[in-house]
Each structure stands twice: as structure tokens, then as C-alpha cells.
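What follows is the content of structure_16.cif (mmCIF, C-alpha atoms and all ligand atoms; chains and numbers go by the auth columns).
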```
data_query
#
loop_
_atom_site.group_PDB
_atom_site.id
_atom_site.type_symbol
_atom_site.label_atom_id
_atom_site.label_comp_id
_atom_site.label_asym_id
_atom_site.label_seq_id
_atom_site.Cartn_x
_atom_site.Cartn_y
_atom_site.Cartn_z
_atom_site.B_iso_or_equiv
_atom_site.auth_seq_id
_atom_site.auth_asym_id
ATOM 1 C CA MET A 1 9.783 -3.118 1.219 0.00 34 A
ATOM 2 C CA LEU A 2 9.207 0.397 2.521 0.00 35 A
ATOM 3 C CA GLN A 3 7.689 0.649 5.979 0.00 36 A
ATOM 4 C CA VAL A 4 6.621 3.750 7.883 0.00 37 A
ATOM 5 C CA VAL A 5 7.203 3.557 11.625 0.00 38 A
ATOM 6 C CA PRO A 6 6.236 6.112 14.290 0.00 39 A
ATOM 7 C CA VAL A 7 9.062 7.163 16.605 0.00 40 A
ATOM 8 C CA LYS A 8 7.609 9.130 19.490 0.00 41 A
ATOM 9 C CA ALA A 9 9.038 12.428 20.686 0.00 42 A
ATOM 10 C CA PHE A 10 8.037 14.889 23.416 0.00 43 A
ATOM 11 C CA LYS A 11 4.476 14.431 24.653 0.00 44 A
ATOM 12 C CA ASP A 12 2.577 13.806 21.430 0.00 45 A
ATOM 13 C CA ASN A 13 4.898 14.303 18.418 0.00 46 A
ATOM 14 C CA TYR A 14 5.541 11.585 15.863 0.00 47 A
ATOM 15 C CA ILE A 15 8.839 11.412 13.997 0.00 48 A
ATOM 16 C CA TRP A 16 7.708 9.363 10.996 0.00 49 A
ATOM 17 C CA THR A 17 10.504 7.002 10.016 0.00 50 A
ATOM 18 C CA LEU A 18 10.577 5.501 6.537 0.00 51 A
ATOM 19 C CA ARG A 19 12.662 2.359 6.459 0.00 52 A
ATOM 20 C CA ASN A 20 13.626 -0.765 4.601 0.00 53 A
ATOM 21 C CA ALA A 21 15.990 -3.511 5.789 0.00 54 A
ATOM 22 C CA SER A 22 19.099 -1.297 5.754 0.00 55 A
ATOM 23 C CA HIS A 23 18.223 2.422 5.595 0.00 56 A
ATOM 24 C CA ALA A 24 15.885 4.979 7.144 0.00 57 A
ATOM 25 C CA ALA A 25 14.747 8.534 6.519 0.00 58 A
ATOM 26 C CA VAL A 26 13.038 10.614 9.204 0.00 59 A
ATOM 27 C CA VAL A 27 10.383 13.301 8.900 0.00 60 A
ATOM 28 C CA ASP A 28 10.399 16.180 11.399 0.00 61 A
ATOM 29 C CA PRO A 29 12.907 15.023 14.020 0.00 62 A
ATOM 30 C CA GLY A 30 12.170 17.458 16.823 0.00 63 A
ATOM 31 C CA GLU A 31 14.487 15.429 19.038 0.00 64 A
ATOM 32 C CA ALA A 32 17.581 13.421 18.053 0.00 65 A
ATOM 33 C CA GLN A 33 17.772 10.827 20.817 0.00 66 A
ATOM 34 C CA PRO A 34 14.648 8.790 20.004 0.00 67 A
ATOM 35 C CA VAL A 35 15.870 8.589 16.368 0.00 68 A
ATOM 36 C CA LEU A 36 19.427 7.610 17.360 0.00 69 A
ATOM 37 C CA ASP A 37 18.022 4.931 19.681 0.00 70 A
ATOM 38 C CA TYR A 38 15.776 3.564 16.948 0.00 71 A
ATOM 39 C CA LEU A 39 18.569 3.489 14.332 0.00 72 A
ATOM 40 C CA ALA A 40 20.907 1.693 16.759 0.00 73 A
ATOM 41 C CA ARG A 41 18.298 -0.817 17.865 0.00 74 A
ATOM 42 C CA GLU A 42 17.280 -1.664 14.297 0.00 75 A
ATOM 43 C CA LYS A 43 20.837 -1.427 12.855 0.00 76 A
ATOM 44 C CA LEU A 44 19.771 1.089 10.211 0.00 77 A
ATOM 45 C CA GLU A 45 21.773 3.709 8.396 0.00 78 A
ATOM 46 C CA LEU A 46 20.212 7.167 8.242 0.00 79 A
ATOM 47 C CA ALA A 47 19.748 8.222 4.589 0.00 80 A
ATOM 48 C CA ALA A 48 17.943 11.576 4.791 0.00 81 A
ATOM 49 C CA ILE A 49 16.040 14.029 6.946 0.00 82 A
ATOM 50 C CA LEU A 50 12.831 15.739 5.767 0.00 83 A
ATOM 51 C CA ALA A 51 11.329 18.781 7.489 0.00 84 A
ATOM 52 C CA THR A 52 7.843 20.179 6.909 0.00 85 A
ATOM 53 C CA HIS A 53 8.210 23.528 8.724 0.00 86 A
ATOM 54 C CA HIS A 54 10.503 25.439 11.034 0.00 87 A
ATOM 55 C CA HIS A 55 8.939 24.861 14.479 0.00 88 A
ATOM 56 C CA ALA A 56 11.434 23.551 17.030 0.00 89 A
ATOM 57 C CA ASP A 57 9.396 20.453 17.876 0.00 90 A
ATOM 58 C CA HIS A 58 9.861 19.420 14.221 0.00 91 A
ATOM 59 C CA VAL A 59 13.469 20.448 13.482 0.00 92 A
ATOM 60 C CA GLY A 60 15.123 20.681 16.924 0.00 93 A
ATOM 61 C CA GLY A 61 16.953 17.340 16.604 0.00 94 A
ATOM 62 C CA ILE A 62 18.470 17.894 13.151 0.00 95 A
ATOM 63 C CA ALA A 63 21.785 19.463 14.218 0.00 96 A
ATOM 64 C CA GLU A 64 22.559 16.594 16.597 0.00 97 A
ATOM 65 C CA LEU A 65 21.625 13.981 13.976 0.00 98 A
ATOM 66 C CA LEU A 66 23.977 15.674 11.494 0.00 99 A
ATOM 67 C CA GLN A 67 26.872 15.391 13.977 0.00 100 A
ATOM 68 C CA ARG A 68 26.562 11.591 13.717 0.00 101 A
ATOM 69 C CA HIS A 69 25.218 11.207 10.158 0.00 102 A
ATOM 70 C CA ARG A 70 26.206 13.250 7.089 0.00 103 A
ATOM 71 C CA VAL A 71 22.896 13.130 5.242 0.00 104 A
ATOM 72 C CA PRO A 72 20.877 15.494 3.066 0.00 105 A
ATOM 73 C CA VAL A 73 18.309 17.617 4.900 0.00 106 A
ATOM 74 C CA TYR A 74 15.263 18.652 2.859 0.00 107 A
ATOM 75 C CA GLY A 75 12.896 21.370 4.015 0.00 108 A
ATOM 76 C CA PRO A 76 10.985 24.506 3.024 0.00 109 A
ATOM 77 C CA ARG A 77 13.091 26.992 1.093 0.00 110 A
ATOM 78 C CA ASN A 78 11.388 30.038 2.592 0.00 111 A
ATOM 79 C CA GLU A 79 11.574 29.227 6.301 0.00 112 A
ATOM 80 C CA PRO A 80 14.420 29.843 8.771 0.00 113 A
ATOM 81 C CA ILE A 81 15.928 26.354 9.161 0.00 114 A
ATOM 82 C CA PRO A 82 19.732 26.765 9.218 0.00 115 A
ATOM 83 C CA THR A 83 20.407 23.007 9.034 0.00 116 A
ATOM 84 C CA LEU A 84 18.839 22.540 5.567 0.00 117 A
ATOM 85 C CA THR A 85 21.170 21.246 2.862 0.00 118 A
ATOM 86 C CA HIS A 86 18.457 20.899 0.190 0.00 119 A
ATOM 87 C CA PRO A 87 15.867 23.721 0.355 0.00 120 A
ATOM 88 C CA VAL A 88 12.755 22.762 -1.631 0.00 121 A
ATOM 89 C CA GLY A 89 9.341 24.128 -2.538 0.00 122 A
ATOM 90 C CA GLY A 90 6.142 23.232 -4.387 0.00 123 A
ATOM 91 C CA GLY A 91 6.786 21.381 -7.657 0.00 124 A
ATOM 92 C CA ASP A 92 10.145 19.982 -6.544 0.00 125 A
ATOM 93 C CA LYS A 93 10.793 16.255 -6.238 0.00 126 A
ATOM 94 C CA VAL A 94 12.677 14.587 -3.423 0.00 127 A
ATOM 95 C CA SER A 95 14.196 11.283 -4.462 0.00 128 A
ATOM 96 C CA LEU A 96 15.470 9.008 -1.699 0.00 129 A
ATOM 97 C CA ALA A 97 17.452 6.408 -3.661 0.00 130 A
ATOM 98 C CA PRO A 98 18.453 4.170 -0.698 0.00 131 A
ATOM 99 C CA LEU A 99 14.754 3.755 0.082 0.00 132 A
ATOM 100 C CA GLY A 100 13.562 3.583 -3.535 0.00 133 A
ATOM 101 C CA VAL A 101 10.953 6.305 -3.039 0.00 134 A
ATOM 102 C CA GLU A 102 10.257 9.695 -4.591 0.00 135 A
ATOM 103 C CA PHE A 103 8.106 12.464 -3.124 0.00 136 A
ATOM 104 C CA ALA A 104 6.446 15.462 -4.693 0.00 137 A
ATOM 105 C CA VAL A 105 6.766 18.613 -2.591 0.00 138 A
ATOM 106 C CA LEU A 106 3.491 20.505 -2.043 0.00 139 A
ATOM 107 C CA ASP A 107 3.298 24.092 -0.765 0.00 140 A
ATOM 108 C CA ILE A 108 0.718 24.196 2.036 0.00 141 A
ATOM 109 C CA PRO A 109 1.123 27.546 3.846 0.00 142 A
ATOM 110 C CA GLY A 110 -1.114 28.588 6.740 0.00 143 A
ATOM 111 C CA HIS A 111 0.278 27.077 9.956 0.00 144 A
ATOM 112 C CA THR A 112 3.602 28.662 8.991 0.00 145 A
ATOM 113 C CA ARG A 113 4.318 30.878 6.018 0.00 146 A
ATOM 114 C CA ALA A 114 6.062 28.282 3.815 0.00 147 A
ATOM 115 C CA HIS A 115 4.986 24.925 5.297 0.00 148 A
ATOM 116 C CA ILE A 116 5.421 22.030 2.851 0.00 149 A
ATOM 117 C CA ALA A 117 4.174 18.439 2.578 0.00 150 A
ATOM 118 C CA TYR A 118 5.780 15.380 0.994 0.00 151 A
ATOM 119 C CA TYR A 119 3.542 13.180 -1.136 0.00 152 A
ATOM 120 C CA GLY A 120 4.604 9.868 -2.637 0.00 153 A
ATOM 121 C CA ALA A 121 4.210 6.079 -2.421 0.00 154 A
ATOM 122 C CA GLY A 122 0.533 6.602 -1.550 0.00 155 A
ATOM 123 C CA SER A 123 1.505 8.537 1.571 0.00 156 A
ATOM 124 C CA LEU A 124 1.330 12.148 2.691 0.00 157 A
ATOM 125 C CA PHE A 125 3.578 13.674 5.346 0.00 158 A
ATOM 126 C CA CYS A 126 1.847 16.913 6.215 0.00 159 A
ATOM 127 C CA GLY A 127 3.393 18.126 9.498 0.00 160 A
ATOM 128 C CA ASP A 128 1.077 20.502 11.353 0.00 161 A
ATOM 129 C CA THR A 129 -1.264 21.434 8.487 0.00 162 A
ATOM 130 C CA LEU A 130 -3.784 18.590 8.279 0.00 163 A
ATOM 131 C CA PHE A 131 -4.327 16.668 11.509 0.00 164 A
ATOM 132 C CA ALA A 132 -6.499 13.622 11.991 0.00 165 A
ATOM 133 C CA CYS A 133 -9.936 15.228 12.331 0.00 166 A
ATOM 134 C CA GLY A 134 -8.347 18.663 12.750 0.00 167 A
ATOM 135 C CA CYS A 135 -5.894 21.205 11.347 0.00 168 A
ATOM 136 C CA GLY A 136 -2.986 23.301 12.581 0.00 169 A
ATOM 137 C CA ARG A 137 -3.342 26.721 14.104 0.00 170 A
ATOM 138 C CA LEU A 138 -2.826 29.775 11.917 0.00 171 A
ATOM 139 C CA PHE A 139 0.445 31.115 13.307 0.00 172 A
ATOM 140 C CA GLU A 140 1.876 32.800 10.201 0.00 173 A
ATOM 141 C CA GLY A 141 -0.738 32.446 7.482 0.00 174 A
ATOM 142 C CA THR A 142 -4.297 33.509 6.757 0.00 175 A
ATOM 143 C CA ALA A 143 -7.520 31.516 6.762 0.00 176 A
ATOM 144 C CA GLU A 144 -7.573 31.859 2.945 0.00 177 A
ATOM 145 C CA GLN A 145 -4.132 30.268 2.676 0.00 178 A
ATOM 146 C CA MET A 146 -4.928 27.449 5.077 0.00 179 A
ATOM 147 C CA TYR A 147 -8.250 26.709 3.412 0.00 180 A
ATOM 148 C CA ALA A 148 -6.517 26.511 0.006 0.00 181 A
ATOM 149 C CA SER A 149 -3.791 24.277 1.458 0.00 182 A
ATOM 150 C CA LEU A 150 -6.299 21.883 2.999 0.00 183 A
ATOM 151 C CA ASP A 151 -8.306 21.901 -0.224 0.00 184 A
ATOM 152 C CA LYS A 152 -5.155 20.916 -2.118 0.00 185 A
ATOM 153 C CA LEU A 153 -4.608 17.961 0.230 0.00 186 A
ATOM 154 C CA ALA A 154 -8.286 16.950 0.017 0.00 187 A
ATOM 155 C CA ARG A 155 -7.864 16.518 -3.761 0.00 188 A
ATOM 156 C CA LEU A 156 -5.326 13.715 -3.297 0.00 189 A
ATOM 157 C CA PRO A 157 -6.693 10.190 -3.812 0.00 190 A
ATOM 158 C CA ASP A 158 -9.033 9.009 -1.028 0.00 191 A
ATOM 159 C CA GLU A 159 -6.777 6.068 -0.162 0.00 192 A
ATOM 160 C CA THR A 160 -3.742 8.322 0.488 0.00 193 A
ATOM 161 C CA LYS A 161 -2.332 7.597 3.939 0.00 194 A
ATOM 162 C CA VAL A 162 -2.092 10.728 6.092 0.00 195 A
ATOM 163 C CA TYR A 163 0.863 10.959 8.465 0.00 196 A
ATOM 164 C CA CYS A 164 0.568 14.091 10.580 0.00 197 A
ATOM 165 C CA GLY A 165 2.923 15.504 13.174 0.00 198 A
ATOM 166 C CA HIS A 166 0.955 14.973 16.387 0.00 199 A
ATOM 167 C CA GLU A 167 -1.366 12.523 18.119 0.00 200 A
ATOM 168 C CA TYR A 168 -4.330 14.842 18.657 0.00 201 A
ATOM 169 C CA THR A 169 -7.039 12.635 17.188 0.00 202 A
ATOM 170 C CA LEU A 170 -9.358 11.930 20.122 0.00 203 A
ATOM 171 C CA ALA A 171 -9.431 15.549 21.293 0.00 204 A
ATOM 172 C CA ASN A 172 -10.072 16.629 17.701 0.00 205 A
ATOM 173 C CA ILE A 173 -12.944 14.170 17.381 0.00 206 A
ATOM 174 C CA GLY A 174 -14.471 15.640 20.558 0.00 207 A
ATOM 175 C CA PHE A 175 -14.571 19.033 18.867 0.00 208 A
ATOM 176 C CA ALA A 176 -15.749 17.614 15.520 0.00 209 A
ATOM 177 C CA LYS A 177 -18.757 16.076 17.304 0.00 210 A
ATOM 178 C CA ALA A 178 -19.716 19.509 18.622 0.00 211 A
ATOM 179 C CA VAL A 179 -19.667 20.858 15.048 0.00 212 A
ATOM 180 C CA GLU A 180 -21.403 17.889 13.457 0.00 213 A
ATOM 181 C CA PRO A 181 -23.291 15.826 16.042 0.00 214 A
ATOM 182 C CA GLY A 182 -25.262 13.982 13.377 0.00 215 A
ATOM 183 C CA ASN A 183 -22.251 12.634 11.416 0.00 216 A
ATOM 184 C CA ALA A 184 -22.404 8.820 11.642 0.00 217 A
ATOM 185 C CA ALA A 185 -18.921 8.380 10.092 0.00 218 A
ATOM 186 C CA LEU A 186 -17.556 10.527 12.891 0.00 219 A
ATOM 187 C CA ARG A 187 -19.102 8.319 15.570 0.00 220 A
ATOM 188 C CA GLN A 188 -17.650 5.215 13.891 0.00 221 A
ATOM 189 C CA ARG A 189 -14.280 6.890 13.740 0.00 222 A
ATOM 190 C CA GLU A 190 -14.407 7.747 17.413 0.00 223 A
ATOM 191 C CA GLU A 191 -15.092 4.127 18.311 0.00 224 A
ATOM 192 C CA LYS A 192 -12.223 2.869 16.127 0.00 225 A
ATOM 193 C CA ASP A 193 -9.694 5.472 17.293 0.00 226 A
ATOM 194 C CA ARG A 194 -10.648 5.114 20.954 0.00 227 A
ATOM 195 C CA GLY A 195 -9.985 1.384 20.608 0.00 228 A
ATOM 196 C CA LEU A 196 -6.562 2.011 19.061 0.00 229 A
ATOM 197 C CA SER A 197 -5.705 4.568 21.720 0.00 230 A
ATOM 198 C CA GLU A 198 -6.757 2.294 24.592 0.00 231 A
ATOM 199 C CA ALA A 199 -4.551 -0.428 23.089 0.00 232 A
ATOM 200 C CA GLY A 200 -1.621 2.030 23.199 0.00 233 A
ATOM 201 C CA ARG A 201 -1.455 2.267 19.408 0.00 234 A
ATOM 202 C CA PRO A 202 -1.262 5.370 17.189 0.00 235 A
ATOM 203 C CA THR A 203 -4.525 6.454 15.572 0.00 236 A
ATOM 204 C CA LEU A 204 -2.411 7.348 12.514 0.00 237 A
ATOM 205 C CA PRO A 205 -2.138 7.132 9.617 0.00 238 A
ATOM 206 C CA SER A 206 -5.637 8.087 8.613 0.00 239 A
ATOM 207 C CA THR A 207 -6.656 8.472 4.980 0.00 240 A
ATOM 208 C CA ILE A 208 -7.765 11.418 2.890 0.00 241 A
ATOM 209 C CA GLY A 209 -11.123 9.677 2.410 0.00 242 A
ATOM 210 C CA GLU A 210 -11.594 9.374 6.165 0.00 243 A
ATOM 211 C CA GLU A 211 -10.652 13.029 6.670 0.00 244 A
ATOM 212 C CA LYS A 212 -13.097 14.187 4.006 0.00 245 A
ATOM 213 C CA ALA A 213 -15.876 12.244 5.755 0.00 246 A
ATOM 214 C CA THR A 214 -15.158 13.384 9.312 0.00 247 A
ATOM 215 C CA ASN A 215 -12.782 16.366 9.564 0.00 248 A
ATOM 216 C CA PRO A 216 -14.814 19.578 10.030 0.00 249 A
ATOM 217 C CA PHE A 217 -12.013 21.687 8.536 0.00 250 A
ATOM 218 C CA LEU A 218 -12.449 19.824 5.220 0.00 251 A
ATOM 219 C CA ARG A 219 -16.229 20.071 5.409 0.00 252 A
ATOM 220 C CA ALA A 220 -16.860 23.832 5.292 0.00 253 A
ATOM 221 C CA ARG A 221 -19.260 23.301 2.347 0.00 254 A
ATOM 222 C CA GLU A 222 -21.439 20.716 4.134 0.00 255 A
ATOM 223 C CA PRO A 223 -24.889 22.147 4.978 0.00 256 A
ATOM 224 C CA ALA A 224 -24.823 20.654 8.495 0.00 257 A
ATOM 225 C CA VAL A 225 -21.433 22.269 9.182 0.00 258 A
ATOM 226 C CA VAL A 226 -22.533 25.648 7.784 0.00 259 A
ATOM 227 C CA GLU A 227 -25.662 25.486 9.940 0.00 260 A
ATOM 228 C CA SER A 228 -23.682 24.705 13.060 0.00 261 A
ATOM 229 C CA VAL A 229 -21.183 27.513 12.367 0.00 262 A
ATOM 230 C CA ASN A 230 -24.013 29.990 11.862 0.00 263 A
ATOM 231 C CA LYS A 231 -25.380 29.039 15.278 0.00 264 A
ATOM 232 C CA TYR A 232 -21.924 29.519 16.791 0.00 265 A
ATOM 233 C CA LEU A 233 -21.511 32.928 15.142 0.00 266 A
ATOM 234 C CA GLY A 234 -25.075 34.069 15.633 0.00 267 A
ATOM 235 C CA SER A 235 -25.001 35.342 12.048 0.00 268 A
ATOM 236 C CA ARG A 236 -25.247 33.852 8.579 0.00 269 A
ATOM 237 C CA VAL A 237 -22.113 33.043 6.574 0.00 270 A
ATOM 238 C CA SER A 238 -21.833 30.578 3.712 0.00 271 A
ATOM 239 C CA ASP A 239 -18.550 31.403 1.976 0.00 272 A
ATOM 240 C CA PRO A 240 -16.376 28.331 2.692 0.00 273 A
ATOM 241 C CA VAL A 241 -13.326 30.380 3.729 0.00 274 A
ATOM 242 C CA ARG A 242 -15.410 32.307 6.278 0.00 275 A
ATOM 243 C CA VAL A 243 -16.986 29.084 7.512 0.00 276 A
ATOM 244 C CA PHE A 244 -13.515 27.552 7.810 0.00 277 A
ATOM 245 C CA ALA A 245 -12.207 30.615 9.685 0.00 278 A
ATOM 246 C CA ALA A 246 -15.134 30.408 12.113 0.00 279 A
ATOM 247 C CA ILE A 247 -14.481 26.694 12.774 0.00 280 A
ATOM 248 C CA ARG A 248 -10.817 27.507 13.458 0.00 281 A
ATOM 249 C CA ASP A 249 -11.835 30.271 15.874 0.00 282 A
ATOM 250 C CA TRP A 250 -14.383 27.984 17.581 0.00 283 A
ATOM 251 C CA LYS A 251 -11.782 25.229 17.983 0.00 284 A
ATOM 252 C CA ASN A 252 -9.303 27.683 19.539 0.00 285 A
ATOM 253 C CA LYS A 253 -11.877 28.461 22.240 0.00 286 A
ATOM 254 C CA PHE A 254 -13.276 24.934 22.634 0.00 287 A
HETATM 255 ZN ZN ZN B . 4.135 23.524 14.054 0.00 1 B
#
```

As a first step, turn the structure in this file into C-alpha cells.
Ligand SMILES: [Zn+2]
Amino acid sequence: MLQVVPVKAFKDNYIWTLRNASHAAVVDPGEAQPVLDYLAREKLELAAILATHHHADHVGGIAELLQRHRVPVYGPRNEPIPTLTHPVGGGDKVSLAPLGVEFAVLDIPGHTRAHIAYYGAGSLFCGDTLFACGCGRLFEGTAEQMYASLDKLARLPDETKVYCGHEYTLANIGFAKAVEPGNAALRQREEKDRGLSEAGRPTLPSTIGEEKATNPFLRAREPAVVESVNKYLGSRVSDPVRVFAAIRDWKNKF
């Protein structure tokens, strides 16, 4: 049976590790050593590496992993990742036979210019685009692109498990409460995730349904969010992309 296990890297990165009894694939190995330690401890053979975007804290460990394991490396076709063996883009499929799982590749630009996500087996690996109760910064893309990317992810089934690249949830919830103080689902989420965090457990995965109910970046059409953004801006906007852009700007300064 396929399991998804978080392997921690740096301060708050997760290297999501898909595994069965004999094989593993890793998503966004920013560092090699935590992966090598995990594979050795669990006696697993590495089957593949998947990258969502080119930032070093997501791909920095690939070269060292390849020195020990000759495996395919999937990642965005239009980003500078020299270690890729299988460049992919939206509409492509990634089939990991040793793990019996197939993913659809989704183009979700915004954080970087050609960021991708992997969707399959009821799970979404979305790197630094959608975070639990937040979203990535716009380093290489526009607000229009990021809004469209998040909208694409929000259309996946509510029960889809969301595996993002960082543990930012509690800080993100703090900001979300400033945007939407009256959101009861958000308060429930804070209680749940604070409990997980205090127990030393990841707050991830979340679900698309949970994100739609609590993540301000997916709620740019909600009247309460629009109202709050208008107060922040001191002017009236209602177009969802402009509301989204204002939330992103507000979060950057929060
Ligand atoms: Zn990034």
C-alpha cells in the first residue's frame, strides 16, 4: 500500500516521500542526507525523484542522490534544473511503476514561471504554490497567473490531500484571521492545527475542501474577504484577481 511520509529538511521544508514496502519516490529533495538516512533506515530502494520548481531548497539534493541512485528525475520543462532526466509539463503523465501510482502534471505558474504540481492517487503535491492556509510569493509570475493556478487547484475534488512544501500553517492562520475574523471554520482549523503542532506532528496534509473553507487566497470572491481587503486598501475593488493581489501584498507586509 502506498504511504506518504514527511522527511524534514532545513528549518521548515518537507520532502514528501511516497513509499511501499520496497521502494520510495521523493518530491522536492532540497537536501540529500535526510533522504539517504530515511532510505537506509527503512531499507528502501529509491525509484524516482519529482521536482515542482527550481528553487534550491526543493532541488538542491538531487545531484547527490543521483550519485548513489540512478533514477529518473521529473520536473518542469521550462525551468533551469540541470539534473532533470524527464522534463514534463501540463497534460503529461508521470507513471511510477515500482509504486503503482500515476500522476497528472498540472501547470501552476506564479511562484516561479513554470512551477508544476503532481496530482494522483487522491493527492496533490504542489510545492510552493498552495500552502496550508496560504500561498507562495510571486517571484517570477503575475497575480493573474497565480490566481488562475490556485483556481485550477481549487477545482480538484474536496477530499484531495494537499501536500505542500513547507510547514507554514500556524503563521498563515494568524494572517487569515486578520483577513476573515468571523470565519468559524478558520477558528476550528487553528485549534486542530495548534494541537498537531504542539504534539510535534505536521499539520499536513490538508485537503482542498479545508483550503476552500479557510485559505484567504482561495476566497477572493467571498464578501467578507472583499470587505476586509477594501478596508486594507482604503478603496473599493471587487475583481477577484485584484482582491487576490491585495491579499498577497497585505500578507507580505503582515
Ligand atoms: Zn520556492

Give the residues close to ligand ZN 1 (chain B), within 9 Å, counting all atoms listed in the file; write them as number ranges by chain.
-> A: 85-91, 144-145, 148, 160-162, 169-170, 172, 198

Pull out every residue that the PyMOL selection byres (((chain A and resi 213) around 10) and not hetatm) matches in the shown coordinates and put them as an MDAnalysis selection string.
-> chainID A and resid 208:212 214:217 219 247:249 252 255 257:262

Please enclose the listed atoms of segment 81-99 of chain A in an axis-aligned box, pad each side by 6 Å, and write out the centre and the three edge lengths in Å, rounded to one decimal, as AutoDock Vina command-line options.
```
--center_x 15.9 --center_y 18.5 --center_z 11.3 --size_x 28.1 --size_y 25.9 --size_z 25.1
```

Exercise: Val274 of chain A partners within 7 Å, only C-alpha atoms, chain neighbours under 6 positions left out, as a list in words |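 Residues meeting the cut-off are Ala176, Glu177 and Tyr180 of chain A.
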
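Using all atoms listed in the file, the smallest distance between any of A:Leu51, A:Val92, A:Leu132, A:Ala278 and Leu171 of chain A comes from A:Ala278.
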
Expansion of the PyMOL selection byres (((chain A and resi 223-228) around 12) and not hetatm) into residues, as JSON, numbers by chain | {"A": [165, 166, 200, 201, 202, 203, 204, 205, 206, 207, 208, 209, 210, 216, 217, 218, 219, 220, 221, 222, 229, 230, 231, 232, 233, 234, 235, 236, 237, 238, 239, 243, 247, 248]}

Writing out the chosen residues with C-alpha atoms as an mmCIF file, in the coordinates of the input:
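Listed below is the output, result05.cif:
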```cif
data_model
loop_
_atom_site.group_PDB
_atom_site.id
_atom_site.type_symbol
_atom_site.label_atom_id
_atom_site.label_comp_id
_atom_site.auth_asym_id
_atom_site.auth_seq_id
_atom_site.Cartn_x
_atom_site.Cartn_y
_atom_site.Cartn_z
ATOM 1 C CA ALA A 165 -6.499 13.622 11.991
ATOM 2 C CA CYS A 166 -9.936 15.228 12.331
ATOM 3 C CA GLU A 200 -1.366 12.523 18.119
ATOM 4 C CA TYR A 201 -4.330 14.842 18.657
ATOM 5 C CA THR A 202 -7.039 12.635 17.188
ATOM 6 C CA LEU A 203 -9.358 11.930 20.122
ATOM 7 C CA ALA A 204 -9.431 15.549 21.293
ATOM 8 C CA ASN A 205 -10.072 16.629 17.701
ATOM 9 C CA ILE A 206 -12.944 14.170 17.381
ATOM 10 C CA GLY A 207 -14.471 15.640 20.558
ATOM 11 C CA PHE A 208 -14.571 19.033 18.867
ATOM 12 C CA ALA A 209 -15.749 17.614 15.520
ATOM 13 C CA LYS A 210 -18.757 16.076 17.304
ATOM 14 C CA ASN A 216 -22.251 12.634 11.416
ATOM 15 C CA ALA A 217 -22.404 8.820 11.642
ATOM 16 C CA ALA A 218 -18.921 8.380 10.092
ATOM 17 C CA LEU A 219 -17.556 10.527 12.891
ATOM 18 C CA ARG A 220 -19.102 8.319 15.570
ATOM 19 C CA GLN A 221 -17.650 5.215 13.891
ATOM 20 C CA ARG A 222 -14.280 6.890 13.740
ATOM 21 C CA LEU A 229 -6.562 2.011 19.061
ATOM 22 C CA SER A 230 -5.705 4.568 21.720
ATOM 23 C CA GLU A 231 -6.757 2.294 24.592
ATOM 24 C CA ALA A 232 -4.551 -0.428 23.089
ATOM 25 C CA GLY A 233 -1.621 2.030 23.199
ATOM 26 C CA ARG A 234 -1.455 2.267 19.408
ATOM 27 C CA PRO A 235 -1.262 5.370 17.189
ATOM 28 C CA THR A 236 -4.525 6.454 15.572
ATOM 29 C CA LEU A 237 -2.411 7.348 12.514
ATOM 30 C CA PRO A 238 -2.138 7.132 9.617
ATOM 31 C CA SER A 239 -5.637 8.087 8.613
ATOM 32 C CA GLU A 243 -11.594 9.374 6.165
ATOM 33 C CA THR A 247 -15.158 13.384 9.312
ATOM 34 C CA ASN A 248 -12.782 16.366 9.564
#
```

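Straight-line separation from atom CA of Thr118 of chain A to atom CA of Arg103 of chain A: 10.4 Å.
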
How would segment 89-93 of chain A look written as a CSV table (one decimal), in the first residue's frame with all heavy atoms?
```csv
chain,number,residue,atom,x,y,z
A,89,ALA,N,16.4,26.2,-4.9
A,89,ALA,CA,17.4,25.3,-4.3
A,89,ALA,C,16.9,24.5,-3.1
A,89,ALA,O,17.3,23.4,-2.9
A,89,ALA,CB,18.6,26.2,-3.9
A,90,ASP,N,16.0,25.1,-2.3
A,90,ASP,CA,15.5,24.3,-1.2
A,90,ASP,C,14.5,23.2,-1.6
A,90,ASP,O,14.0,22.5,-0.8
A,90,ASP,CB,14.9,25.2,-0.1
A,90,ASP,CG,13.6,26.0,-0.6
A,90,ASP,OD1,13.6,26.4,-1.8
A,90,ASP,OD2,12.7,26.1,0.2
A,91,HIS,N,14.3,23.1,-2.9
A,91,HIS,CA,13.5,22.0,-3.4
A,91,HIS,C,14.3,21.0,-4.3
A,91,HIS,O,13.9,19.9,-4.5
A,91,HIS,CB,12.3,22.6,-4.2
A,91,HIS,CG,11.3,23.3,-3.3
A,91,HIS,ND1,10.1,22.8,-3.0
A,91,HIS,CD2,11.5,24.5,-2.7
A,91,HIS,CE1,9.5,23.6,-2.1
A,91,HIS,NE2,10.3,24.7,-1.9
A,92,VAL,N,15.4,21.5,-4.9
A,92,VAL,CA,16.1,20.6,-5.9
A,92,VAL,C,17.6,20.4,-5.5
A,92,VAL,O,18.3,19.7,-6.1
A,92,VAL,CB,16.0,21.1,-7.3
A,92,VAL,CG1,14.6,21.2,-7.8
A,92,VAL,CG2,16.7,22.5,-7.4
A,93,GLY,N,18.0,21.1,-4.4
A,93,GLY,CA,19.5,21.1,-4.0
A,93,GLY,C,20.1,19.8,-3.7
A,93,GLY,O,21.3,19.6,-3.8
```
